[in-house]
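One structure is given below, encoded as structure tokens.
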Amino acid sequence: MTGTQTAGRRYGGRDAAQRQQERRTRLIQAGLDVFGTAGYASVSVKQVCSHAGLTERYFYESFRDREDLLTGVYNELIATISAETAQAAAAAAPDVDAQLRAGLEVFIRTLAGDARMARLVLIEVVGASPRLEVRRREVLHEFAAMVAAVVGPLPDSEASSSRLTMTAMSLVGGVNELLVDWTLGHQNATVEELIDLCHTLFIAAYRAISDQP
């Protein structure tokens, strides 16, 4: 049998592409574990591979370097958090108050419930590289757009649209910094108190920009 044929053989019912995807998943999980505990700057490729139970050869099969792995872990976490937050808001009662609270509750509980995830998403990616910083800013804008979609549309005018965009970004940035502070131990609030506070701020801002009493 030729080398080409051997490369495509199935083992345990899985083909080569499936096995590579499984190795990538193991490396993503290892990245979350070690970057989210020891910190990105303190962890080597060798340590990631050791934690995943894989050789460095398999690391470079899926990732260029540590930064590429950190980006991969971050993107997967954000995709999950974003989808779950949007689903919660959409499944809530059809009013802004309920949708904002449902989305905030899932977002905050998801991060607060996993110290590794909170550290990686909120702290470790900050300033890790120019490319990751661009991606981090994109993520903030994506969540701001999600908030604006729940709150809007406001009366059709360029001024109100701009105000909504700025308000949503201010709220998302505020929640982000509050959770950073909480993750670092500078706030001793409970998760419920965090949710209540953020919901109060979001509703107050919504009423202000929509001229509701």
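Identifiers in the structure tokens: chain A, B, ... in order shown; residue index from 1 per chain; ligand index from 1 in order shown.
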Skipping near chain neighbours, those fewer than 5 positions away, what residues fall within 12 Å of Ser44 in chain A using only C-alpha atoms, listed as a compact mmCIF listing (two decimals) with N, CA and C atoms, in the first residue's frame?
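For reference, part-v6.txt as written:
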```txt
# COMPACT_ATOMS: atom_id res chain seq x y z
N ALA A 30 -6.73 22.64 25.83
CA ALA A 30 -5.49 22.83 26.59
C ALA A 30 -5.14 24.31 26.68
N GLY A 31 -5.34 25.04 25.57
CA GLY A 31 -5.09 26.47 25.58
C GLY A 31 -5.96 27.19 26.59
N VAL A 34 -4.53 26.26 30.20
CA VAL A 34 -3.26 26.83 30.65
C VAL A 34 -3.20 28.34 30.52
N PHE A 35 -3.74 28.90 29.42
CA PHE A 35 -3.77 30.36 29.30
C PHE A 35 -4.70 30.97 30.34
N ALA A 38 -2.41 29.82 34.16
CA ALA A 38 -1.05 30.34 34.30
C ALA A 38 -0.85 31.67 33.59
N GLY A 39 -1.66 31.92 32.54
CA GLY A 39 -1.52 33.16 31.77
C GLY A 39 -0.78 32.94 30.47
N CYS A 49 1.27 21.55 24.58
CA CYS A 49 1.27 20.20 24.00
C CYS A 49 1.27 19.13 25.09
N SER A 50 2.07 19.37 26.14
CA SER A 50 2.12 18.42 27.25
C SER A 50 0.76 18.30 27.92
N HIS A 51 0.09 19.44 28.10
CA HIS A 51 -1.24 19.42 28.72
C HIS A 51 -2.24 18.70 27.83
N GLU A 56 4.62 18.36 19.63
CA GLU A 56 4.62 19.67 18.97
C GLU A 56 4.33 19.56 17.49
N PHE A 59 0.82 20.22 17.16
CA PHE A 59 0.48 21.62 17.38
C PHE A 59 0.57 22.40 16.08
N ASP A 65 1.54 29.42 15.83
CA ASP A 65 2.31 29.76 17.02
C ASP A 65 1.35 29.94 18.19
N ARG A 66 1.89 30.37 19.35
CA ARG A 66 1.04 30.55 20.54
C ARG A 66 -0.06 31.56 20.30
N GLU A 67 0.29 32.65 19.62
CA GLU A 67 -0.71 33.69 19.36
C GLU A 67 -1.87 33.14 18.53
N LEU A 69 -2.93 30.09 18.52
CA LEU A 69 -3.76 29.27 19.41
C LEU A 69 -4.63 30.16 20.30
N LEU A 70 -4.04 31.20 20.88
CA LEU A 70 -4.83 32.11 21.73
C LEU A 70 -5.99 32.70 20.94
```
Any chance you could tabulate, as JSON lines, the residues of range 25-100 of chain A at most 10 Å from range 138-153 of chain A with each one's nearest atom pair and distance in Å to one decimal, using only C-alpha atoms, in chain and rising number order?
```
{"residue": "A:Asn75", "atom": "CA", "partner": "A:Val139", "partner_atom": "CA", "distance": 9.2}
{"residue": "A:Ile78", "atom": "CA", "partner": "A:Val139", "partner_atom": "CA", "distance": 7.8}
{"residue": "A:Ala79", "atom": "CA", "partner": "A:Val139", "partner_atom": "CA", "distance": 9.8}
{"residue": "A:Ser82", "atom": "CA", "partner": "A:Phe143", "partner_atom": "CA", "distance": 7.5}
{"residue": "A:Thr85", "atom": "CA", "partner": "A:Met146", "partner_atom": "CA", "distance": 9.1}
{"residue": "A:Ala86", "atom": "CA", "partner": "A:Met146", "partner_atom": "CA", "distance": 7.4}
{"residue": "A:Ala89", "atom": "CA", "partner": "A:Val150", "partner_atom": "CA", "distance": 8.0}
{"residue": "A:Ala90", "atom": "CA", "partner": "A:Val150", "partner_atom": "CA", "distance": 8.8}
{"residue": "A:Pro94", "atom": "CA", "partner": "A:Val150", "partner_atom": "CA", "distance": 9.8}
{"residue": "A:Asp95", "atom": "CA", "partner": "A:Val150", "partner_atom": "CA", "distance": 8.8}
{"residue": "A:Val96", "atom": "CA", "partner": "A:Val151", "partner_atom": "CA", "distance": 6.1}
{"residue": "A:Asp97", "atom": "CA", "partner": "A:Val151", "partner_atom": "CA", "distance": 9.1}
{"residue": "A:Gln99", "atom": "CA", "partner": "A:Val150", "partner_atom": "CA", "distance": 7.1}
{"residue": "A:Leu100", "atom": "CA", "partner": "A:Val150", "partner_atom": "CA", "distance": 7.2}
```
Could you turn the residues from that selection into a file that holds N, CA, C and O atoms, as a short mmCIF file (atom, residue, chain, number, x, y, z; two decimals), in the first residue's frame?
```cif
data_model
loop_
_atom_site.label_atom_id
_atom_site.label_comp_id
_atom_site.auth_asym_id
_atom_site.auth_seq_id
_atom_site.Cartn_x
_atom_site.Cartn_y
_atom_site.Cartn_z
N ASN A 75 -11.68 33.07 19.80
CA ASN A 75 -12.76 33.08 18.81
C ASN A 75 -13.82 32.02 19.11
O ASN A 75 -15.02 32.27 18.94
N ILE A 78 -15.84 33.25 22.16
CA ILE A 78 -16.72 34.36 21.80
C ILE A 78 -17.89 33.86 20.96
O ILE A 78 -19.04 34.31 21.15
N ALA A 79 -17.65 32.94 20.05
CA ALA A 79 -18.73 32.40 19.22
C ALA A 79 -19.80 31.74 20.10
O ALA A 79 -21.00 31.92 19.88
N SER A 82 -21.54 34.53 22.36
CA SER A 82 -22.39 35.37 21.53
C SER A 82 -23.67 34.64 21.13
O SER A 82 -24.78 35.20 21.22
N THR A 85 -25.94 34.16 24.21
CA THR A 85 -26.52 35.44 24.63
C THR A 85 -27.66 35.86 23.70
O THR A 85 -28.73 36.26 24.15
N ALA A 86 -27.42 35.75 22.40
CA ALA A 86 -28.44 36.12 21.41
C ALA A 86 -29.66 35.21 21.53
O ALA A 86 -30.81 35.68 21.44
N ALA A 89 -31.75 36.19 24.60
CA ALA A 89 -32.51 37.42 24.38
C ALA A 89 -33.70 37.15 23.46
O ALA A 89 -34.82 37.64 23.72
N ALA A 90 -33.49 36.37 22.41
CA ALA A 90 -34.57 36.08 21.46
C ALA A 90 -35.68 35.24 22.08
O ALA A 90 -36.85 35.35 21.70
N PRO A 94 -41.30 39.30 24.55
CA PRO A 94 -41.02 40.28 23.49
C PRO A 94 -41.07 41.73 23.96
O PRO A 94 -41.84 42.54 23.45
N ASP A 95 -40.26 42.04 24.95
CA ASP A 95 -40.11 43.44 25.34
C ASP A 95 -38.66 43.69 25.69
O ASP A 95 -37.92 42.77 26.07
N VAL A 96 -38.22 44.93 25.55
CA VAL A 96 -36.81 45.27 25.70
C VAL A 96 -36.30 44.91 27.09
O VAL A 96 -35.19 44.38 27.23
N ASP A 97 -37.06 45.19 28.12
CA ASP A 97 -36.64 44.91 29.49
C ASP A 97 -36.27 43.44 29.67
O ASP A 97 -35.18 43.11 30.16
N GLN A 99 -35.70 41.12 27.36
CA GLN A 99 -34.65 40.66 26.45
C GLN A 99 -33.27 41.10 26.91
O GLN A 99 -32.31 40.34 26.85
N LEU A 100 -33.17 42.35 27.38
CA LEU A 100 -31.89 42.82 27.88
C LEU A 100 -31.46 42.02 29.11
O LEU A 100 -30.30 41.62 29.23
#
```
One decimal, Å: what's the distance from CA of Tyr58 in chain A over to CA of Leu27 in chain A, could you say? 9.0 Å
What separates CA of Ala189 in chain A and CA of Ile108 in chain A is a distance of 12.5 Å
Under the rule that only C-alpha atoms are counted, which of A:Pro130, A:Gly53, A:Gly173, A:Gly113 is the nearest residue to Gln29 in chain A? A:Gly53
From the set A:Val43, A:Leu54, A:Leu104, A:Ile203, which residue has the shortest atom-to-atom contact distance to Glu124 in chain A, counting only C-alpha atoms?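 Once distances to Glu124 in chain A are computed over only C-alpha atoms, the minimum belongs to A:Val43.
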Would you mind writing down, as a ChimeraX atom specification, each residue of range 17-190 of chain A that DSSP on the backbone assigns to alpha helix (DSSP H)? /A:17-35,45-52,56-62,66-91,96-112,115-119,130-151,158-183
Could you pull the residues within 9 Å of range 183-185 of chain A, counting only C-alpha atoms, minus those fewer than 6 positions along the same chain, as an MDAnalysis selection string? chainID A and resid 112 115 118:119 122:123
As a PyMOL selection string, please: the residues near Cys198 in chain A (cut-off 12 Å, only C-alpha atoms, same-chain neighbours under 5 positions excluded). chain A and resi 97+100-105+107-108+170-179+191-193+203-205
Quick one: residues within 8 Å of Gly72 in chain A, only C-alpha atoms, excluding same-chain residues fewer than 4 positions away - as a compact mmCIF listing (two decimals) with N, CA and C atoms, in the first residue's frame?
```
# COMPACT_ATOMS: atom_id res chain seq x y z
N ILE A 28 -7.21 23.31 21.67
CA ILE A 28 -8.05 24.45 22.08
C ILE A 28 -8.39 24.34 23.56
N ASP A 68 -1.55 32.30 17.56
CA ASP A 68 -2.59 31.70 16.72
C ASP A 68 -3.51 30.82 17.57
N GLU A 76 -13.39 30.85 19.54
CA GLU A 76 -14.36 29.80 19.86
C GLU A 76 -15.19 30.18 21.08
```
